[in-house]
$ cat upload.txt   # compact mmCIF, C-alpha atoms
# COMPACT_ATOMS: atom_id res chain seq x y z
CA MET A 19 97.83 264.02 73.91
CA MET A 20 100.27 261.20 74.59
CA LYS A 21 100.01 261.85 78.32
CA PHE A 22 96.24 261.60 78.06
CA LEU A 23 96.42 258.25 76.19
CA LEU A 24 98.97 256.85 78.64
CA PHE A 25 96.78 257.91 81.52
CA SER A 26 93.74 256.17 79.90
CA VAL A 27 95.64 252.91 79.34
CA CYS A 28 96.90 252.84 82.93
CA SER A 29 93.43 253.53 84.24
CA THR A 30 92.05 250.63 82.19
CA ILE A 31 94.70 248.20 83.44
CA ILE A 32 94.12 249.22 87.04
CA GLY A 33 90.37 248.84 86.55
CA LEU A 34 90.75 245.35 85.09
CA SER A 35 93.02 244.29 87.95
CA LEU A 36 90.35 245.36 90.40
CA ILE A 37 87.53 243.65 88.49
CA SER A 38 89.31 240.27 87.93
CA PRO A 39 89.33 239.14 91.59
CA ILE A 40 85.66 240.00 91.82
CA SER A 41 84.91 237.96 88.67
CA ILE A 42 86.97 235.04 89.90
CA ALA A 43 85.26 235.14 93.28
CA ALA A 44 81.89 235.24 91.56
CA SER A 45 82.90 232.28 89.39
CA ASP A 46 84.06 230.32 92.44
CA GLN A 47 80.84 231.13 94.22
CA LYS A 48 78.86 229.94 91.18
CA SER A 49 80.88 226.73 91.12
CA ASN A 50 80.30 226.21 94.82
CA ASN A 51 76.59 226.84 94.38
CA LYS A 52 76.53 224.27 91.60
CA SER A 53 78.36 221.79 93.79
CA ASP A 54 75.94 222.46 96.65
CA SER A 55 73.02 222.00 94.27
CA ALA A 56 74.48 218.70 93.07
CA GLN A 57 74.83 217.50 96.64
CA ILE A 58 71.25 218.49 97.38
CA MET A 59 70.15 216.69 94.22
CA VAL A 60 72.00 213.55 95.27
CA LYS A 61 70.37 213.65 98.71
CA GLU A 62 66.93 214.17 97.24
CA GLU A 63 67.41 211.39 94.71
CA ALA A 64 68.72 209.10 97.42
CA LYS A 65 65.49 209.64 99.35
CA LYS A 66 63.58 208.59 96.22
CA GLY A 67 65.88 205.62 95.60
CA GLY A 68 67.33 207.11 92.40
CA GLN A 69 70.68 208.36 91.10
CA PRO A 70 71.15 211.61 89.11
CA LYS A 71 72.49 210.81 85.63
CA GLU A 72 74.99 213.66 85.77
CA ILE A 73 76.55 212.30 88.96
CA ILE A 74 76.67 208.73 87.63
CA ARG A 75 78.57 209.82 84.54
CA ARG A 76 81.28 211.40 86.70
CA THR A 77 82.10 208.21 88.61
CA ASP A 78 84.77 205.79 87.49
CA GLN A 79 82.71 202.87 88.78
CA PRO A 80 80.70 201.00 86.09
CA LEU A 81 76.97 201.71 86.16
CA LYS A 82 75.99 198.07 86.74
CA GLN A 83 78.38 197.68 89.65
CA ARG A 84 77.14 200.93 91.21
CA SER A 85 73.54 199.75 90.87
CA ARG A 86 74.29 196.42 92.52
CA ALA A 87 76.22 198.08 95.35
CA THR A 88 73.52 200.63 96.23
CA ASN A 89 70.20 199.13 95.19
CA HIS A 90 68.78 196.51 97.56
CA MET A 91 65.95 195.44 95.26
CA LEU A 92 66.72 192.30 93.28
CA ILE A 93 65.47 192.35 89.71
CA TYR A 94 65.17 189.01 87.95
CA LYS A 95 65.45 189.33 84.17
CA PRO A 96 64.22 186.15 82.47
CA PRO A 97 66.61 184.86 79.78
CA LEU A 98 65.53 185.17 76.16
CA ARG A 99 66.35 181.51 75.67
CA GLY A 100 64.04 180.33 78.43
CA ALA A 101 61.45 178.03 76.86
CA PRO A 102 58.18 177.24 78.66
CA ALA A 103 58.73 174.43 81.14
CA GLY A 104 55.16 173.90 82.24
CA ARG A 105 55.59 174.64 85.94
CA VAL A 106 53.08 172.51 87.82
CA ALA A 107 52.02 173.22 91.38
CA GLY A 108 50.55 170.54 93.61
CA GLY A 109 47.18 171.77 94.81
CA THR A 110 45.32 170.41 97.82
CA ARG A 111 42.79 167.63 97.32
CA GLY A 112 40.39 169.01 99.84
CA ALA A 113 40.89 170.89 103.07
CA ASP A 114 39.19 168.15 105.06
CA GLN A 115 41.86 165.66 103.93
CA GLY A 116 44.66 167.82 105.29
CA PHE A 117 47.01 167.68 102.29
CA PRO A 118 49.54 170.53 102.02
CA TYR A 119 50.09 172.79 99.04
CA LEU A 120 53.28 171.94 97.11
CA CYS A 121 55.09 174.25 94.72
CA LEU A 122 58.55 174.16 93.17
CA ILE A 123 60.37 177.48 93.45
CA VAL A 124 61.04 177.85 89.76
CA PRO A 125 59.96 180.23 87.01
CA GLU A 126 57.38 179.19 84.42
CA HIS A 127 60.16 178.91 81.83
CA VAL A 128 63.19 176.63 82.05
CA GLY A 129 65.31 178.00 84.88
CA LEU A 130 69.05 178.33 84.29
CA THR A 131 72.01 177.43 86.50
CA LEU A 132 75.81 177.65 86.33
CA SER A 133 76.22 174.78 88.79
CA SER A 134 76.36 171.13 87.73
CA GLN A 135 75.05 170.24 91.19
CA PRO A 136 72.52 172.93 92.05
CA VAL A 137 70.20 173.14 95.03
CA PHE A 138 66.51 172.59 94.25
CA TYR A 139 63.97 174.48 96.33
CA PHE A 140 60.30 173.79 96.87
CA TYR A 141 57.56 175.09 99.14
CA GLN A 142 55.30 173.00 101.37
CA SER A 143 52.51 174.80 103.18
CA SER A 144 52.25 172.40 106.13
CA ILE A 145 53.94 169.32 107.54
CA SER A 146 52.56 165.96 106.52
CA PRO A 147 53.02 162.31 107.56
CA TYR A 148 53.13 161.15 103.94
CA PRO A 149 56.36 160.19 102.13
CA ILE A 150 57.97 162.67 99.74
CA GLU A 151 59.87 161.71 96.59
CA PHE A 152 62.36 163.68 94.50
CA THR A 153 62.82 162.79 90.83
CA LEU A 154 65.19 164.21 88.20
CA ILE A 155 65.00 163.17 84.56
CA LYS A 156 66.10 164.42 81.14
CA LYS A 157 63.18 165.99 79.30
CA GLN A 158 63.39 163.40 76.54
CA GLY A 159 64.61 160.64 78.84
CA ILE A 160 62.89 157.52 80.13
CA THR A 161 65.02 156.42 83.06
CA PRO A 162 65.27 158.93 85.93
CA LEU A 163 68.75 160.14 86.91
CA VAL A 164 67.50 160.42 90.49
CA GLU A 165 64.39 158.87 91.99
CA THR A 166 64.53 158.82 95.74
CA ARG A 167 62.56 159.38 98.88
CA ILE A 168 63.62 162.39 100.91
CA ALA A 169 63.15 163.19 104.57
CA PRO A 170 59.81 164.92 105.18
CA PRO A 171 60.08 168.54 106.38
CA ASP A 172 59.89 169.11 110.12
CA LYS A 173 58.29 172.50 109.55
CA PRO A 174 56.34 174.18 106.74
CA GLY A 175 57.90 176.65 104.33
CA ILE A 176 60.82 176.54 101.89
CA GLN A 177 62.58 173.19 101.63
CA SER A 178 65.69 172.17 99.69
CA VAL A 179 67.24 169.18 97.93
CA ARG A 180 70.98 169.24 97.17
CA LEU A 181 71.89 167.36 94.01
CA ALA A 182 75.41 166.85 95.39
CA ASP A 183 73.89 164.55 98.03
CA HIS A 184 72.85 162.17 95.25
CA GLY A 185 76.11 162.00 93.29
CA VAL A 186 74.66 163.32 90.03
CA HIS A 187 75.95 166.11 87.77
CA LEU A 188 73.96 168.05 85.19
CA LYS A 189 75.42 168.39 81.70
CA PRO A 190 75.34 171.68 79.72
CA GLY A 191 72.66 172.27 77.12
CA ILE A 192 70.26 169.58 78.33
CA HIS A 193 66.74 170.38 79.48
CA TYR A 194 65.94 168.49 82.69
CA LYS A 195 62.64 168.10 84.50
CA TRP A 196 62.39 167.61 88.24
CA PHE A 197 59.51 166.65 90.48
CA ILE A 198 58.48 166.65 94.11
CA ALA A 199 55.70 164.23 94.93
CA LEU A 200 53.73 163.80 98.12
CA VAL A 201 52.59 160.17 98.22
CA PRO A 202 49.39 159.65 100.25
CA ASP A 203 48.88 156.10 98.94
CA LEU A 204 51.86 153.97 97.90
CA HIS A 205 49.54 151.50 96.15
CA HIS A 206 47.68 154.10 94.12
CA ARG A 207 50.22 156.55 92.74
CA SER A 208 47.56 158.38 90.74
CA LYS A 209 46.71 160.05 94.04
CA ASP A 210 50.15 161.67 94.30
CA ILE A 211 50.28 165.41 94.86
CA LEU A 212 52.85 166.39 92.26
CA ALA A 213 54.84 169.58 91.55
CA ALA A 214 57.16 169.93 88.53
CA GLY A 215 59.61 172.35 86.90
CA GLY A 216 62.55 172.60 84.50
CA ILE A 217 66.27 173.35 84.71
CA GLU A 218 69.22 173.72 82.31
CA LEU A 219 72.95 174.06 82.95
CA ILE A 220 74.75 176.72 80.88
CA GLU A 221 78.31 177.99 80.59
CA PRO A 222 78.74 181.56 81.90
CA PRO A 223 80.01 184.24 79.48
CA GLU A 224 83.59 185.37 80.11
CA LYS A 225 82.38 188.82 81.17
CA MET A 226 80.18 187.27 83.85
CA LYS A 227 83.08 185.18 85.15
CA ASP A 228 85.09 188.36 85.66
CA GLU A 229 82.17 190.11 87.37
CA LEU A 230 81.57 187.19 89.73
CA ALA A 231 85.26 186.96 90.61
CA ALA A 232 85.33 190.64 91.60
CA ALA A 233 81.95 190.76 93.37
CA ASN A 234 81.09 190.49 97.05
CA ILE A 235 78.41 188.11 98.28
CA SER A 236 75.61 190.67 97.91
CA GLN A 237 76.64 191.67 94.40
CA VAL A 238 76.85 188.02 93.34
CA THR A 239 73.12 187.60 93.93
CA HIS A 240 72.36 190.68 91.83
CA ILE A 241 74.62 189.47 89.00
CA TYR A 242 72.83 186.12 88.84
CA ALA A 243 69.37 187.73 88.94
CA GLU A 244 70.13 190.34 86.27
CA ALA A 245 71.62 187.64 84.00
CA GLY A 246 68.55 185.44 84.33
CA ILE A 247 70.34 182.66 86.25
CA TRP A 248 67.38 181.80 88.46
CA TYR A 249 68.64 178.82 90.45
CA ASP A 250 71.91 180.47 91.45
CA ALA A 251 70.27 183.79 92.32
CA PHE A 252 67.72 182.14 94.60
CA SER A 253 70.28 179.74 96.08
CA SER A 254 72.83 182.45 96.90
CA LEU A 255 70.16 184.59 98.55
CA SER A 256 68.78 181.64 100.52
CA ALA A 257 72.28 180.76 101.72
CA ARG A 258 72.64 184.29 103.07
CA ILE A 259 69.31 183.96 104.87
CA GLU A 260 70.46 180.69 106.47
CA LYS A 261 73.51 182.52 107.85
CA SER A 262 71.48 185.56 108.97
CA PRO A 263 67.96 184.26 109.70
CA ALA A 264 66.98 187.45 111.54
CA ASP A 265 67.75 189.70 108.56
CA ARG A 266 64.28 190.80 107.47
CA ASP A 267 65.63 192.75 104.50
CA LEU A 268 66.99 189.54 102.96
CA ARG A 269 63.63 187.86 103.46
CA LYS A 270 61.90 190.75 101.72
CA GLN A 271 64.29 190.38 98.80
CA ARG A 272 63.46 186.69 98.54
CA ALA A 273 59.73 187.42 98.66
CA ALA A 274 60.22 190.00 95.89
CA LEU A 275 61.95 187.39 93.71
CA LEU A 276 59.05 185.00 94.24
CA GLU A 277 56.57 187.73 93.27
CA GLN A 278 58.51 188.36 90.04
CA ILE A 279 58.00 184.77 88.86
CA GLY A 280 54.33 184.70 89.82
CA LEU A 281 54.54 182.74 93.09
CA HIS A 282 52.44 185.25 94.99
CA GLN A 283 50.98 182.80 97.49
CA VAL A 284 54.42 181.52 98.43
CA ALA A 285 55.82 185.06 98.70
CA ARG A 286 53.14 186.02 101.24
CA HIS A 287 53.92 183.08 103.49
CA VAL A 288 57.72 182.88 103.46
CA ILE A 289 58.66 186.39 104.58
CA ASP A 290 58.06 185.57 108.26
CA GLU A 291 59.00 181.91 108.35
$ encode --input "upload.txt" --output "C-alpha cells"
Amino acid sequence: MMKFLLFSVCSTIIGLSLISPISIAASDQKSNNKSDSAQIMVKEEAKKGGQPKEIIRRTDQPLKQRSRATNHMLIYKPPLRGAPAGRVAGGTRGADQGFPYLCLIVPEHVGLTLSSQPVFYFYQSSISPYPIEFTLIKKQGITPLVETRIAPPDKPGIQSVRLADHGVHLKPGIHYKWFIALVPDLHHRSKDILAAGGIELIEPPEKMKDELAAANISQVTHIYAEAGIWYDAFSSLSARIEKSPADRDLRKQRAALLEQIGLHQVARHVIDE
C-alpha cells in the first residue's frame, strides 16, 4: 500500500513539473499578446489623435505635460475672471471709399498678460494712406498713458505695437483699454475708424512659474493658452512664426486661436499671409 501511495505522489510531482513550464509559457504568451494589443491600441489612437487612458496612467510624465508635448492643437481656455471688455472692430465706411477693416486681436473679455510691457496685435485688411494712432488708457482714467501715431503698415495682415517702445509699464490688477484708430480726416475725428479692446496684468501662480521654467518654446505657448493668458499665448506663437515664416502648421495654430475667440474673418485671411 505504501509503495502504491509513494508511486502516486511521485507521479503527481513529475506531472506538475511538466505542466508548470507550459503554464508559464502560456502566461508569457498572454502577457506578450496583451503588450502587442496595447501597442496596436496606441497606434490606432495615435491615428485618431487620442491617447489610451491605460497607457497614460503608466507614464511618469504628468498628463498636462504629455498633452502639451504631443498635441499640436492650441486650446484657449478663457479665465473665469475675464469681464466683458466690449471688443470693438472698425468696420469699413463703404467699399467705394477704400477704407480697410480694423480689428484688435483680443478676446471679447478682458485679455490677461503676465508681461508689464506686452505686445499688442491688430489686424488691418489692406494698406491705407491715412495716419494710424495707438492709445492706451486706464479704464477709469482720463489722461491716456500712451497716445501716439504709429507707422502705417506696409502690407495688410497682422500688425503689432510693442509697449516697450513707448516706455510704459502696466500695473497688476488694473483694467486698461487700448485703441487703434485710422484717421481719414484730422479735422473731423468723428470719422475715425476705431477698434478697441481690454487688457489686465496679473501675477502668475507659483505652479505656473515652475511649469514655464521647465517648458520648451512650444510648451510655453500651450501653458499660456490653457491658463487663459491670451496676450502671452498669441505673442509667443507669433514670435515663433516670425522666426519660421514658412511653417504652415504654426500659422494654422494661430488661425485656430483666432477662431476660438470669434475672429473668424481674420482667421480666414491670416493663414496664408
$ atom_distance --input "upload.txt" --atom1 "atom CA of Phe252 of chain A" --atom2 "atom CA of Arg272 of chain A"
7.4 Å
$ atom_distance --input "upload.txt" --atom1 "atom CA of Pro97 of chain A" --atom2 "atom CA of His240 of chain A"
14.6 Å
$ residues_near_point --input "upload.txt" --point "(70.1, 170.0, 94.4)" --cutoff "7 Å" --atoms "all atoms listed in the file" --output "list of chain:residue names"
A:Gln135, A:Pro136, A:Val137, A:Phe138, A:Val179, A:Arg180, A:Leu181, A:Ala182
$ closest_residue --input "upload.txt" --among "A:Pro96, A:Arg269, A:Tyr148, A:Gly191" --to "Gly129 of chain A" --atoms "all atoms listed in the file"
A:Pro96
$ closest_residue --input "upload.txt" --among "A:Lys225, A:Arg207, A:Lys95, A:Lys261" --to "Pro149 of chain A" --atoms "only C-alpha atoms"
A:Arg207
$ closest_residue --input "upload.txt" --among "A:Ala233, A:Val124, A:Leu219, A:Leu163" --to "Val284 of chain A" --atoms "only C-alpha atoms"
A:Val124
$ closest_residue --input "upload.txt" --among "A:Phe140, A:Tyr119, A:Phe152, A:Tyr94" --to "Ile168 of chain A" --atoms "only C-alpha atoms"
A:Phe152
$ atom_distance --input "upload.txt" --atom1 "atom CA of Pro147 of chain A" --atom2 "atom CA of Ala213 of chain A"
17.7 Å
$ closest_residue --input "upload.txt" --among "A:Asp203, A:Asp267, A:Glu165, A:Glu260" --to "Gln177 of chain A" --atoms "all atoms listed in the file"
A:Glu260
$ residues_around --input "upload.txt" --residues "segment 277-283 of chain A" --least-positions-apart "4" --cutoff "8 Å" --atoms "only C-alpha atoms" --output "list of chain:residue names"
A:Tyr94, A:Ile123, A:Val124, A:Pro125, A:Glu126, A:Ala273, A:His287
$ residues_around --input "upload.txt" --residues "Lys209 of chain A" --least-positions-apart "5" --cutoff "10 Å" --atoms "all atoms listed in the file" --output "PDB file with C-alpha atoms, keeping the file's coordinate frame"
ATOM      1  CA  ARG A 111      42.790 167.630  97.320  1.00  0.00           C
ATOM      2  CA  ALA A 199      55.700 164.230  94.930  1.00  0.00           C
ATOM      3  CA  LEU A 200      53.730 163.800  98.120  1.00  0.00           C
ATOM      4  CA  VAL A 201      52.590 160.170  98.220  1.00  0.00           C
ATOM      5  CA  PRO A 202      49.390 159.650 100.250  1.00  0.00           C
ATOM      6  CA  ASP A 203      48.880 156.100  98.940  1.00  0.00           C
ATOM      7  CA  LEU A 204      51.860 153.970  97.900  1.00  0.00           C
TER       8      LEU A 204
END
$ closest_residue --input "upload.txt" --among "A:His193, A:His184, A:Lys156, A:Arg167" --to "Ile220 of chain A" --atoms "all atoms listed in the file"
A:His193
$ residues_around --input "upload.txt" --residues "Ile155 of chain A" --least-positions-apart "2" --cutoff "8 Å" --atoms "only C-alpha atoms" --output "count of residues only"
11
$ build_atoms --input "upload.txt" --residues "segment 200-230 of chain A" --atoms "N, CA and C atoms" --output "compact mmCIF listing (two decimals), keeping the file's coordinate frame"
# COMPACT_ATOMS: atom_id res chain seq x y z
N LEU A 200 54.23 164.25 96.82
CA LEU A 200 53.73 163.80 98.12
C LEU A 200 52.89 162.55 97.85
N VAL A 201 53.20 161.47 98.55
CA VAL A 201 52.59 160.17 98.22
C VAL A 201 51.64 159.73 99.34
N PRO A 202 50.35 160.05 99.21
CA PRO A 202 49.39 159.65 100.25
C PRO A 202 49.09 158.15 100.24
N ASP A 203 49.22 157.52 99.05
CA ASP A 203 48.88 156.10 98.94
C ASP A 203 49.91 155.42 98.05
N LEU A 204 50.79 154.63 98.65
CA LEU A 204 51.86 153.97 97.90
C LEU A 204 51.33 152.97 96.88
N HIS A 205 50.12 152.49 97.05
CA HIS A 205 49.54 151.50 96.15
C HIS A 205 48.72 152.14 95.04
N HIS A 206 48.45 153.40 95.15
CA HIS A 206 47.68 154.10 94.12
C HIS A 206 48.37 155.44 93.83
N ARG A 207 49.39 155.37 92.98
CA ARG A 207 50.22 156.55 92.74
C ARG A 207 49.49 157.64 91.95
N SER A 208 48.35 157.34 91.42
CA SER A 208 47.56 158.38 90.74
C SER A 208 47.06 159.42 91.72
N LYS A 209 47.14 159.11 93.01
CA LYS A 209 46.71 160.05 94.04
C LYS A 209 47.83 160.98 94.50
N ASP A 210 49.02 160.82 93.92
CA ASP A 210 50.15 161.67 94.30
C ASP A 210 49.82 163.14 94.11
N ILE A 211 50.32 163.95 95.03
CA ILE A 211 50.28 165.41 94.86
C ILE A 211 51.63 165.79 94.28
N LEU A 212 51.63 166.25 93.04
CA LEU A 212 52.85 166.39 92.26
C LEU A 212 53.12 167.85 91.89
N ALA A 213 54.40 168.26 92.01
CA ALA A 213 54.84 169.58 91.55
C ALA A 213 56.04 169.37 90.62
N ALA A 214 56.12 170.16 89.54
CA ALA A 214 57.16 169.93 88.53
C ALA A 214 57.72 171.24 88.00
N GLY A 215 58.96 171.18 87.49
CA GLY A 215 59.61 172.35 86.90
C GLY A 215 60.78 171.92 86.04
N GLY A 216 61.44 172.91 85.40
CA GLY A 216 62.55 172.60 84.50
C GLY A 216 63.83 173.32 84.89
N ILE A 217 64.97 172.76 84.42
CA ILE A 217 66.27 173.35 84.71
C ILE A 217 67.23 173.03 83.57
N GLU A 218 68.18 173.94 83.33
CA GLU A 218 69.22 173.72 82.31
C GLU A 218 70.53 174.33 82.78
N LEU A 219 71.60 173.59 82.61
CA LEU A 219 72.95 174.06 82.95
C LEU A 219 73.55 174.77 81.75
N ILE A 220 74.11 175.98 81.96
CA ILE A 220 74.75 176.72 80.88
C ILE A 220 76.17 177.12 81.31
N GLU A 221 76.97 177.47 80.33
CA GLU A 221 78.31 177.99 80.59
C GLU A 221 78.22 179.51 80.72
N PRO A 222 78.82 180.09 81.74
CA PRO A 222 78.74 181.56 81.90
C PRO A 222 79.61 182.27 80.87
N PRO A 223 79.17 183.43 80.37
CA PRO A 223 80.01 184.24 79.48
C PRO A 223 81.26 184.69 80.23
N GLU A 224 82.33 184.95 79.49
CA GLU A 224 83.59 185.37 80.11
C GLU A 224 83.42 186.63 80.94
N LYS A 225 82.60 187.57 80.44
CA LYS A 225 82.38 188.82 81.17
C LYS A 225 81.75 188.54 82.54
N MET A 226 80.82 187.60 82.58
CA MET A 226 80.18 187.27 83.85
C MET A 226 81.16 186.62 84.81
N LYS A 227 82.07 185.80 84.29
CA LYS A 227 83.08 185.18 85.15
C LYS A 227 83.91 186.25 85.84
N ASP A 228 84.29 187.28 85.08
CA ASP A 228 85.09 188.36 85.66
C ASP A 228 84.29 189.13 86.71
N GLU A 229 83.01 189.38 86.42
CA GLU A 229 82.17 190.11 87.37
C GLU A 229 82.01 189.32 88.67
N LEU A 230 81.77 188.02 88.55
CA LEU A 230 81.57 187.19 89.73
C LEU A 230 82.85 187.11 90.57
